[in-house]
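Next comes query.cif, with mmCIF, C-alpha atoms.
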```
data_my_file
#
loop_
_atom_site.label_atom_id
_atom_site.label_comp_id
_atom_site.auth_asym_id
_atom_site.auth_seq_id
_atom_site.Cartn_x
_atom_site.Cartn_y
_atom_site.Cartn_z
CA MET A 1 21.51 -80.52 -95.88
CA GLY A 2 19.35 -82.44 -98.36
CA HIS A 3 15.96 -81.59 -96.84
CA ARG A 4 12.95 -80.65 -98.97
CA VAL A 5 11.99 -77.02 -98.35
CA LEU A 6 8.78 -75.32 -99.51
CA VAL A 7 8.38 -71.54 -99.33
CA LEU A 8 4.86 -70.09 -99.53
CA GLU A 9 5.11 -66.41 -100.48
CA ARG A 10 2.03 -64.18 -100.61
CA GLU A 11 3.55 -61.54 -102.92
CA LYS A 12 4.86 -61.60 -106.46
CA PHE A 13 8.54 -60.63 -106.47
CA PRO A 14 10.08 -58.16 -106.94
CA ARG A 15 7.98 -56.19 -104.48
CA TYR A 16 8.51 -53.04 -102.42
CA HIS A 17 9.75 -53.32 -98.82
CA ILE A 18 11.27 -50.96 -96.29
CA GLY A 19 14.35 -51.85 -94.21
CA GLU A 20 17.20 -50.95 -96.52
CA SER A 21 20.35 -50.49 -94.43
CA LEU A 22 22.37 -53.61 -93.69
CA LEU A 23 24.64 -54.02 -90.65
CA PRO A 24 28.14 -55.54 -90.81
CA PHE A 25 26.99 -58.71 -89.08
CA THR A 26 24.81 -59.62 -92.04
CA TYR A 27 28.11 -60.65 -93.66
CA GLN A 28 28.24 -64.12 -92.06
CA PRO A 29 24.71 -65.18 -93.15
CA LEU A 30 25.30 -63.76 -96.64
CA LYS A 31 28.58 -65.69 -96.87
CA ARG A 32 26.84 -68.87 -95.76
CA LEU A 33 24.24 -68.32 -98.49
CA GLY A 34 27.03 -67.85 -101.03
CA LEU A 35 25.95 -64.30 -101.84
CA VAL A 36 28.90 -62.13 -100.74
CA ASP A 37 30.55 -62.07 -104.17
CA ARG A 38 27.24 -61.23 -105.82
CA MET A 39 26.68 -58.42 -103.32
CA LYS A 40 30.16 -57.03 -104.02
CA LYS A 41 29.44 -57.00 -107.75
CA SER A 42 26.01 -55.40 -107.29
CA ALA A 43 25.13 -51.72 -107.66
CA PHE A 44 24.27 -51.48 -103.95
CA VAL A 45 26.02 -48.56 -102.21
CA LYS A 46 28.83 -49.56 -99.86
CA LYS A 47 28.37 -48.60 -96.21
CA TYR A 48 31.24 -48.25 -93.75
CA SER A 49 29.77 -46.26 -90.88
CA VAL A 50 26.90 -44.54 -89.10
CA GLN A 51 26.89 -40.95 -87.87
CA PHE A 52 24.61 -38.83 -85.68
CA VAL A 53 23.58 -35.24 -86.38
CA SER A 54 22.15 -32.66 -83.97
CA PRO A 55 19.12 -30.52 -84.96
CA SER A 56 21.51 -27.61 -85.58
CA GLY A 57 23.20 -29.68 -88.29
CA ARG A 58 26.40 -30.53 -86.40
CA ALA A 59 27.50 -34.08 -87.24
CA SER A 60 29.32 -36.44 -84.90
CA LEU A 61 32.46 -38.26 -85.92
CA PRO A 62 31.35 -41.38 -87.83
CA PHE A 63 31.34 -44.73 -86.05
CA TYR A 64 33.51 -46.62 -88.55
CA PHE A 65 32.97 -50.37 -88.44
CA PHE A 66 36.55 -51.04 -89.61
CA ASN A 67 37.86 -49.63 -86.33
CA ARG A 68 36.66 -52.92 -84.83
CA TYR A 69 36.40 -55.38 -87.72
CA ASP A 70 38.18 -56.41 -90.91
CA ARG A 71 37.70 -53.70 -93.53
CA GLU A 72 37.58 -56.10 -96.47
CA THR A 73 34.94 -58.43 -95.03
CA VAL A 74 32.66 -57.77 -92.04
CA ALA A 75 33.26 -54.02 -91.73
CA GLN A 76 31.97 -53.16 -95.21
CA THR A 77 28.25 -53.60 -95.74
CA TRP A 78 25.58 -52.20 -98.08
CA GLN A 79 22.59 -49.91 -98.48
CA VAL A 80 20.13 -52.00 -100.50
CA LEU A 81 16.98 -51.60 -102.51
CA ARG A 82 14.88 -54.28 -100.87
CA SER A 83 12.96 -55.24 -104.00
CA GLU A 84 16.29 -56.17 -105.64
CA PHE A 85 17.92 -57.61 -102.51
CA ASP A 86 14.93 -59.80 -101.61
CA GLN A 87 14.63 -60.98 -105.22
CA MET A 88 18.28 -62.03 -104.99
CA LEU A 89 17.59 -63.99 -101.81
CA MET A 90 14.56 -65.73 -103.30
CA GLU A 91 16.35 -66.67 -106.52
CA ASN A 92 19.24 -68.03 -104.44
CA ALA A 93 16.81 -70.17 -102.41
CA ARG A 94 15.50 -71.67 -105.64
CA VAL A 95 19.01 -72.32 -106.97
CA LYS A 96 19.89 -74.07 -103.70
CA GLY A 97 16.89 -76.40 -104.04
CA ALA A 98 13.96 -74.76 -102.26
CA GLU A 99 10.58 -74.77 -103.99
CA VAL A 100 9.11 -71.25 -103.87
CA LYS A 101 5.42 -70.65 -104.62
CA GLU A 102 4.67 -66.95 -105.12
CA GLU A 103 1.21 -65.36 -104.91
CA THR A 104 0.20 -68.08 -102.46
CA LYS A 105 -1.73 -66.89 -99.41
CA VAL A 106 -1.59 -68.98 -96.24
CA LEU A 107 -5.10 -69.23 -94.76
CA GLU A 108 -4.45 -71.24 -91.61
CA LEU A 109 -2.18 -73.77 -89.97
CA LEU A 110 -2.99 -77.47 -89.99
CA ARG A 111 -3.05 -79.38 -86.72
CA GLU A 112 -3.14 -82.94 -85.54
CA GLY A 113 -3.95 -82.83 -81.86
CA ASP A 114 -1.47 -80.47 -80.23
CA ARG A 115 0.96 -80.41 -83.13
CA VAL A 116 1.23 -78.13 -86.17
CA VAL A 117 1.64 -80.31 -89.27
CA GLY A 118 1.55 -77.77 -92.10
CA ALA A 119 -0.55 -75.04 -93.65
CA ARG A 120 -3.63 -74.55 -95.80
CA ALA A 121 -3.01 -72.01 -98.56
CA GLN A 122 -4.76 -70.46 -101.53
CA ALA A 123 -3.06 -70.11 -104.91
CA LYS A 124 -3.53 -67.18 -107.29
CA ASN A 125 -6.17 -69.14 -109.25
CA GLY A 126 -8.22 -69.63 -106.08
CA GLU A 127 -7.33 -73.27 -105.54
CA VAL A 128 -6.93 -74.20 -101.86
CA VAL A 129 -4.16 -76.71 -101.14
CA GLU A 130 -2.91 -78.32 -97.93
CA TYR A 131 0.85 -78.62 -97.47
CA ARG A 132 2.20 -80.90 -94.75
CA ALA A 133 5.65 -80.93 -93.20
CA PRO A 134 7.35 -82.08 -89.97
CA ILE A 135 7.95 -78.42 -89.08
CA THR A 136 6.51 -75.11 -90.23
CA LEU A 137 8.42 -71.83 -89.96
CA ASP A 138 6.50 -68.58 -89.56
CA CYS A 139 8.52 -65.97 -91.48
CA THR A 140 5.62 -63.54 -92.04
CA GLY A 141 7.48 -60.44 -90.84
CA LYS A 142 5.73 -57.68 -88.96
CA GLU A 143 2.32 -59.19 -89.75
CA ALA A 144 3.30 -62.02 -87.38
CA PHE A 145 0.74 -64.59 -88.58
CA CYS A 146 0.93 -66.93 -85.59
CA ALA A 147 1.73 -64.48 -82.80
CA VAL A 148 -1.28 -62.30 -83.68
CA ARG A 149 -3.71 -65.21 -83.97
CA ASN A 150 -2.63 -66.73 -80.66
CA ASN A 151 -2.35 -63.54 -78.61
CA TRP A 152 1.38 -64.12 -78.17
CA ARG A 153 2.30 -60.69 -79.50
CA ILE A 154 3.41 -58.11 -76.92
CA ALA A 155 3.99 -54.46 -77.77
CA ASP A 156 7.04 -52.73 -76.33
CA PRO A 157 5.83 -50.51 -73.46
CA PHE A 158 7.98 -47.57 -74.58
CA LEU A 159 8.84 -47.91 -78.26
CA ASN A 160 5.46 -46.91 -79.67
CA LYS A 161 6.76 -44.72 -82.47
CA ILE A 162 5.45 -43.65 -85.88
CA ALA A 163 7.56 -43.54 -89.04
CA VAL A 164 6.90 -41.39 -92.12
CA TRP A 165 9.22 -41.75 -95.12
CA THR A 166 9.72 -41.14 -98.82
CA TYR A 167 12.50 -41.00 -101.46
CA TYR A 168 14.60 -38.26 -103.05
CA GLN A 169 16.61 -38.27 -106.25
CA GLY A 170 19.72 -36.11 -106.61
CA ALA A 171 19.95 -35.22 -102.90
CA LYS A 172 23.36 -34.40 -101.42
CA ARG A 173 25.77 -37.11 -100.33
CA ASP A 174 28.84 -36.84 -98.17
CA GLU A 175 32.18 -37.38 -99.87
CA GLY A 176 34.52 -40.34 -100.18
CA ILE A 177 34.15 -43.22 -97.80
CA ASP A 178 31.25 -41.42 -96.05
CA GLU A 179 29.11 -41.34 -99.20
CA GLY A 180 27.22 -44.46 -98.18
CA ALA A 181 26.99 -43.80 -94.44
CA THR A 182 23.70 -44.11 -92.62
CA THR A 183 22.92 -40.79 -90.95
CA VAL A 184 20.68 -40.49 -87.89
CA ALA A 185 19.63 -36.84 -87.62
CA TYR A 186 17.80 -35.65 -84.51
CA VAL A 187 14.61 -33.62 -84.32
CA PRO A 188 13.08 -32.28 -81.05
CA ASP A 189 11.62 -34.64 -78.43
CA LYS A 190 14.07 -37.41 -79.37
CA GLY A 191 12.66 -37.95 -82.81
CA TRP A 192 15.06 -38.57 -85.67
CA PHE A 193 15.51 -38.84 -89.42
CA TRP A 194 17.18 -41.69 -91.27
CA TYR A 195 19.15 -40.78 -94.38
CA ILE A 196 20.16 -43.80 -96.45
CA PRO A 197 21.98 -43.25 -99.78
CA GLN A 198 21.04 -45.81 -102.43
CA HIS A 199 22.11 -46.54 -105.99
CA ASN A 200 20.59 -44.79 -109.02
CA ASP A 201 21.16 -41.49 -107.17
CA MET A 202 18.28 -42.22 -104.78
CA VAL A 203 18.07 -41.57 -101.04
CA SER A 204 15.65 -43.19 -98.60
CA VAL A 205 14.73 -40.64 -95.94
CA GLY A 206 12.23 -40.90 -93.10
CA VAL A 207 11.33 -39.40 -89.75
CA VAL A 208 10.51 -41.38 -86.60
CA ALA A 209 8.98 -39.98 -83.40
CA GLU A 210 6.05 -40.21 -81.01
CA GLY A 211 2.71 -39.91 -82.75
CA LYS A 212 1.63 -36.99 -80.57
CA TYR A 213 4.72 -35.08 -81.70
CA LEU A 214 4.39 -35.79 -85.41
CA THR A 215 0.65 -35.03 -85.46
CA ARG A 216 0.82 -31.91 -83.29
CA ASP A 217 -1.52 -29.07 -84.25
CA GLY A 218 -3.77 -31.56 -86.00
CA VAL A 219 -1.41 -32.34 -88.89
CA LYS A 220 -2.26 -35.84 -90.16
CA SER A 221 -1.09 -36.04 -93.78
CA PRO A 222 2.18 -38.02 -94.14
CA GLU A 223 3.39 -35.49 -96.71
CA ALA A 224 2.61 -32.53 -94.46
CA ILE A 225 4.26 -34.22 -91.47
CA PHE A 226 7.39 -34.98 -93.47
CA LYS A 227 7.74 -31.51 -94.98
CA ARG A 228 7.31 -29.84 -91.59
CA GLU A 229 9.92 -32.03 -89.93
CA ILE A 230 12.52 -31.23 -92.61
CA GLU A 231 12.64 -27.76 -91.07
CA GLN A 232 13.58 -29.26 -87.69
CA ASN A 233 17.07 -30.42 -88.72
CA GLN A 234 19.45 -28.24 -90.71
CA TRP A 235 21.57 -31.14 -92.02
CA ILE A 236 18.51 -32.88 -93.45
CA LYS A 237 17.21 -29.61 -94.89
CA GLN A 238 20.51 -28.83 -96.59
CA HIS A 239 21.02 -32.35 -97.94
CA LEU A 240 17.51 -32.54 -99.42
CA ALA A 241 17.52 -29.00 -100.85
CA CYS A 242 19.23 -30.00 -104.10
CA GLY A 243 17.15 -33.16 -104.55
CA LYS A 244 13.68 -33.93 -105.87
CA GLN A 245 11.10 -35.91 -103.93
CA VAL A 246 9.81 -38.91 -105.91
CA GLY A 247 7.10 -41.48 -105.34
CA SER A 248 4.74 -41.82 -102.41
CA TYR A 249 4.89 -40.83 -98.75
CA PHE A 250 4.61 -43.85 -96.46
CA LEU A 251 3.50 -44.17 -92.83
CA THR A 252 3.62 -47.04 -90.36
CA SER A 253 3.07 -47.32 -86.61
CA GLU A 254 3.07 -49.82 -83.73
CA TYR A 255 5.91 -51.84 -85.20
CA SER A 256 7.92 -52.66 -82.03
CA HIS A 257 6.82 -56.01 -80.66
CA HIS A 258 7.92 -59.46 -79.60
CA SER A 259 6.22 -62.82 -79.20
CA LYS A 260 6.14 -64.32 -75.71
CA HIS A 261 6.61 -67.74 -77.34
CA CYS A 262 8.96 -68.70 -80.17
CA GLY A 263 6.57 -71.41 -81.36
CA THR A 264 5.06 -74.71 -80.33
CA GLU A 265 5.36 -78.33 -81.40
CA GLY A 266 5.91 -78.39 -85.16
CA LEU A 267 6.07 -74.59 -85.40
CA LEU A 268 8.92 -72.07 -85.08
CA LEU A 269 8.84 -68.26 -85.38
CA VAL A 270 11.67 -66.62 -87.32
CA GLY A 271 12.73 -63.01 -87.98
CA ASP A 272 10.23 -60.19 -87.45
CA ALA A 273 7.48 -62.75 -86.85
CA PHE A 274 9.28 -63.45 -83.56
CA ALA A 275 10.45 -59.93 -82.68
CA PHE A 276 11.02 -56.50 -84.21
CA LEU A 277 12.71 -53.78 -82.25
CA ASP A 278 12.98 -50.31 -83.78
CA PRO A 279 14.41 -48.94 -87.03
CA VAL A 280 16.89 -46.54 -85.40
CA PHE A 281 19.95 -48.81 -85.65
CA SER A 282 18.83 -50.81 -88.71
CA SER A 283 18.88 -54.11 -86.82
CA GLY A 284 15.87 -55.72 -88.57
CA VAL A 285 17.50 -57.46 -91.54
CA MET A 286 20.51 -58.52 -89.47
CA LEU A 287 18.31 -60.11 -86.77
CA ALA A 288 16.13 -61.75 -89.44
CA LEU A 289 19.15 -63.30 -91.18
CA LYS A 290 20.72 -64.26 -87.85
CA SER A 291 17.54 -66.00 -86.69
CA GLY A 292 17.27 -67.71 -90.08
CA VAL A 293 20.72 -69.24 -89.68
CA LEU A 294 20.05 -70.34 -86.09
CA ALA A 295 16.59 -71.69 -86.96
CA ALA A 296 18.02 -73.64 -89.91
CA ASP A 297 20.61 -75.34 -87.71
CA ALA A 298 18.04 -76.13 -85.01
CA VAL A 299 15.52 -77.49 -87.52
CA HIS A 300 18.14 -79.62 -89.26
CA GLN A 301 19.01 -81.24 -85.95
CA ALA A 302 15.33 -81.72 -85.12
CA ILE A 303 14.78 -83.51 -88.45
CA VAL A 304 17.83 -85.72 -87.95
CA GLU A 305 16.68 -86.70 -84.46
CA GLN A 306 12.97 -86.67 -85.35
CA ASP A 307 12.24 -84.55 -82.30
CA PHE A 308 10.17 -81.41 -82.83
CA SER A 309 9.26 -80.75 -79.22
CA PRO A 310 9.20 -77.10 -78.18
CA GLU A 311 11.89 -77.56 -75.55
CA ARG A 312 14.62 -78.31 -78.08
CA PHE A 313 14.23 -74.78 -79.55
CA SER A 314 14.62 -72.95 -76.23
CA ASP A 315 18.32 -72.21 -76.86
CA TYR A 316 17.41 -70.66 -80.22
CA ALA A 317 14.79 -68.43 -78.59
CA THR A 318 17.06 -67.41 -75.70
CA PHE A 319 19.96 -66.51 -78.00
CA ILE A 320 17.80 -64.37 -80.31
CA ARG A 321 16.15 -62.62 -77.38
CA GLN A 322 19.56 -61.89 -75.83
CA GLY A 323 20.62 -60.11 -79.01
CA VAL A 324 17.36 -58.18 -79.22
CA GLU A 325 17.56 -57.13 -75.57
CA ASN A 326 21.12 -55.86 -75.95
CA MET A 327 20.15 -53.72 -78.93
CA ARG A 328 16.96 -52.69 -77.11
CA LYS A 329 18.95 -51.23 -74.21
CA LEU A 330 20.94 -49.05 -76.61
CA VAL A 331 17.70 -47.97 -78.33
CA TYR A 332 16.15 -46.98 -74.99
CA ALA A 333 19.23 -44.93 -74.13
CA PHE A 334 19.10 -43.24 -77.53
CA TYR A 335 15.51 -42.11 -76.98
CA ASP A 336 16.11 -40.82 -73.45
CA PRO A 337 16.33 -36.98 -73.51
CA ASP A 338 19.09 -37.08 -70.89
CA PHE A 339 21.37 -39.35 -72.91
CA SER A 340 24.16 -38.28 -75.25
CA PHE A 341 26.68 -40.53 -77.01
CA LYS A 342 29.20 -37.70 -76.81
CA LYS A 343 28.88 -37.27 -73.04
CA LEU A 344 29.17 -41.01 -72.53
CA ILE A 345 32.31 -41.31 -74.69
CA ASP A 346 33.86 -38.17 -73.19
CA LYS A 347 33.66 -39.82 -69.76
CA TYR A 348 34.36 -43.39 -70.90
CA PRO A 349 36.36 -43.43 -74.18
CA ASP A 350 36.25 -47.23 -74.33
CA ALA A 351 32.47 -47.01 -74.70
CA ALA A 352 32.94 -45.95 -78.34
CA GLY A 353 34.20 -49.42 -79.27
CA GLU A 354 31.40 -51.16 -77.39
CA ILE A 355 28.79 -48.97 -79.08
CA THR A 356 30.34 -49.66 -82.49
CA ASP A 357 30.12 -53.40 -81.78
CA CYS A 358 26.41 -53.15 -80.97
CA LEU A 359 25.74 -50.88 -83.96
CA SER A 360 27.58 -53.41 -86.15
CA GLY A 361 25.21 -56.17 -85.08
CA ASP A 362 27.62 -58.03 -82.77
CA VAL A 363 24.72 -58.19 -80.33
CA ASN A 364 25.35 -61.46 -78.51
CA LYS A 365 28.54 -60.44 -76.72
CA ASP A 366 28.77 -59.39 -73.07
CA PHE A 367 27.86 -55.69 -72.86
CA SER A 368 27.55 -55.55 -69.06
CA GLN A 369 30.29 -52.91 -68.77
CA LEU A 370 28.61 -50.70 -71.38
CA TRP A 371 25.26 -50.95 -69.59
CA LYS A 372 26.96 -50.07 -66.33
CA TRP A 373 28.45 -46.93 -67.91
CA ILE A 374 25.18 -45.89 -69.58
CA SER A 375 23.21 -46.49 -66.37
CA GLU A 376 25.15 -43.62 -64.79
CA PHE A 377 23.38 -41.31 -67.25
CA VAL A 378 19.94 -42.86 -67.84
CA PRO A 379 17.94 -45.89 -66.60
CA LEU A 380 17.86 -48.98 -68.80
CA PRO A 381 14.90 -51.33 -69.27
CA GLU A 382 14.46 -54.78 -67.80
CA ASP A 383 14.36 -57.64 -70.30
CA LEU A 384 10.92 -58.37 -71.73
CA PRO A 385 9.42 -61.76 -70.76
CA LEU A 386 9.90 -64.80 -72.98
CA ALA A 387 7.42 -67.01 -71.10
CA SER A 388 8.37 -70.67 -71.59
CA ARG A 389 10.50 -69.81 -74.65
CA CYS A 390 8.64 -72.23 -76.92
CA GLN A 391 5.17 -73.16 -75.80
CA SER A 392 4.88 -76.78 -74.80
CA ARG A 393 1.84 -78.98 -75.26
CA ARG A 394 1.19 -78.78 -71.51
CA ASN A 395 0.19 -75.12 -71.66
CA TRP A 396 -0.85 -74.68 -75.28
CA PRO A 397 -4.52 -73.65 -75.61
CA GLY A 398 -4.62 -74.58 -79.30
CA LEU A 399 -3.86 -72.52 -82.35
CA GLU A 400 -6.70 -70.29 -83.44
CA THR A 401 -7.39 -70.12 -87.16
CA GLY A 402 -9.10 -67.63 -89.42
CA GLY A 403 -9.57 -63.94 -88.84
CA GLY A 404 -6.69 -61.69 -87.90
CA ARG A 405 -4.32 -60.16 -90.41
CA ASP A 406 -3.03 -61.94 -93.51
#
```
Please lay out the structure from this file as structure tokens.
Amino acid sequence: MGHRVLVLEREKFPRYHIGESLLPFTYQPLKRLGLVDRMKKSAFVKKYSVQFVSPSGRASLPFYFFNRYDRETVAQTWQVLRSEFDQMLMENARVKGAEVKEETKVLELLREGDRVVGARAQAKNGEVVEYRAPITLDCTGKEAFCAVRNNWRIADPFLNKIAVWTYYQGAKRDEGIDEGATTVAYVPDKGWFWYIPQHNDMVSVGVVAEGKYLTRDGVKSPEAIFKREIEQNQWIKQHLACGKQVGSYFLTSEYSHHSKHCGTEGLLLVGDAFAFLDPVFSSGVMLALKSGVLAADAVHQAIVEQDFSPERFSDYATFIRQGVENMRKLVYAFYDPDFSFKKLIDKYPDAAGEITDCLSGDVNKDFSQLWKWISEFVPLPEDLPLASRCQSRRNWPGLETGGGRD
């Protein structure tokens, strides 16, 4: 659109990141970025479906995305190595005209009265520089720079899970079109494994559950937790048996959150900095790309009209929250011990298509019928509050600076 864009990036790319399974509805943002052809030519493993596996090792029929969407476009997505995928995105931003400064740490936001007017940042050489702009986008991911510093961040009351993960080389893959499928394999107490085949014969595999379950009997080591849980699902055990564990064991917790505001005057929250749900259905990258597209359109219009008031971004916030809440209902059902996809589909066969839509990332459609069907089996949560959507100057206490997490 001809605007000058500056990206301040703390890390030096390529860098490690988790969140490796794309959903079909990342296709539209990738097409808009002009990256679909490059993705098709990449080494990334093609993904056509997701399947669920019981602790005994019995696998469900795959939810194939092409049963609902065009097989040659939306319905075929990828399992990515994030260091390579994110490098591709950053290089593309530079090619399209954005200035990207790596190894630049944002220290605080700049304000003039009630309005955010930019950021103060420190370069690798220690130099502190102020950057000013009509609008600043917080894209700091789960660290949520602004939401944490302003006490906007709200944890999900139920989704307080812990994830432990690592990587295997040479582990078993399913055959044919199912080779690149994401597998969700259950362990007791509604915990689950992810199994994500990647290129170079690597597999990303992790276990997610309540902390009290994973650390039972005093086990605290991520490696010990992981190795014990392998024994809890026969499919996972069999698929890993022929592989070799490589690299570190990782652990993260308290990752489900949302911000009660999407920003304030001169500031907008995007991606995980606004909300992150749960890794079970791999919605993170899709929601981040989706919010990036919507934020870009809203910011372009704000620049054209020279109006950066919080109210004009309320539609953006409402639309993103609607998508998150739809996926959140399906996540809640998944974790309920009384819920079963099989039982739901046996009673309501049309639910399979609705579930596939949600799992594909088509999260802003009307799912009221699906929620009605699921509610016959388990209760579903009320939507989390969004406060005034974007905080206006009338109720903004002022952005705090310093302290908090980077």
Hey, which bits of stretch 232-343 of chain A sit within 12 Å of stretch 215-221 of chain A, and for each residue what's the closest pair of atoms and how far apart in Å (one decimal), counting only C-alpha atoms, rows by chain and increasing number, as CSV?
```
residue,atom,partner,partner_atom,distance
A:Ser248,CA,A:Ser221,CA,11.9
A:Tyr249,CA,A:Ser221,CA,9.1
A:Phe250,CA,A:Ser221,CA,10.0
A:Leu251,CA,A:Ser221,CA,9.4
```
Writer output for current selection, C-alpha atoms, as a tab-separated table (two decimals), keeping the file's coordinate frame:
```tsv
chain	number	residue	atom	x	y	z
A	248	SER	CA	4.74	-41.82	-102.41
A	249	TYR	CA	4.89	-40.83	-98.75
A	250	PHE	CA	4.61	-43.85	-96.46
A	251	LEU	CA	3.50	-44.17	-92.83
```
Picked residues, the PyMOL selection byres ((chain A and resi 108) around 6), expected as an NGL selection string: :A and (106-107 or 109 or 119-120 or 401)
Could you check how far atom CA of A:Gln198 sits from atom CA of A:Pro29, in Å to one decimal?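 According to the coordinates, atom CA of A:Gln198 and atom CA of A:Pro29 are separated by 21.8 Å.
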Please report the interatomic distance between atom CA of A:Phe339 and atom CA of A:Lys161 in Å with one decimal.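 Value for the atom CA of A:Phe339-atom CA of A:Lys161 distance: 18.3 Å.
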Determine the residue membership of the PyMOL selection byres ((chain A and resi 141) around 9) for the file above and supply it as a ChimeraX atom specification. /A:138-140,142-145,270-276,288
Distance cut-off 12 Å, centre (27.9, -55.2, -104.7) in file coordinates, counting only C-alpha atoms: which residues qualify? Return them as a ChimeraX atom specification. /A:35-47,76-81,84-85,88,198-199
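For A:Asp201, the list of residues within 8 Å, based on only C-alpha atoms and with local chain neighbours fewer than 6 positions off taken out, reads A:Gln169, A:Gly170, A:Ala171.
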Residue by residue, what does the PyMOL selection byres ((chain A and resi 83) around 7) grab here? Present the result as a ChimeraX atom specification. /A:14-17,81-82,84-87
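Atom CA of A:Thr104 is found 19.2 Å from atom CA of A:Val116.
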Would you list the contacts of A:Gly243 as an MDAnalysis selection string, taking every protein, DNA or RNA residue within 12 Å and counting all atoms listed in the file, but skipping same-chain residues closer than 4 positions in sequence? chainID A and resid 167:173 201:205 236:239
Out of A:Val53, A:Leu23, A:Ala147, A:Leu159, which residue has the shortest atom-to-atom distance to A:Tyr255 when counting only C-alpha atoms? A:Leu159
Check the smallest atom-to-atom distance from each of A:Pro197, A:Gly180, A:Pro157, A:Pro134 to A:Glu305 using only C-alpha atoms, then report the winner. A:Pro134
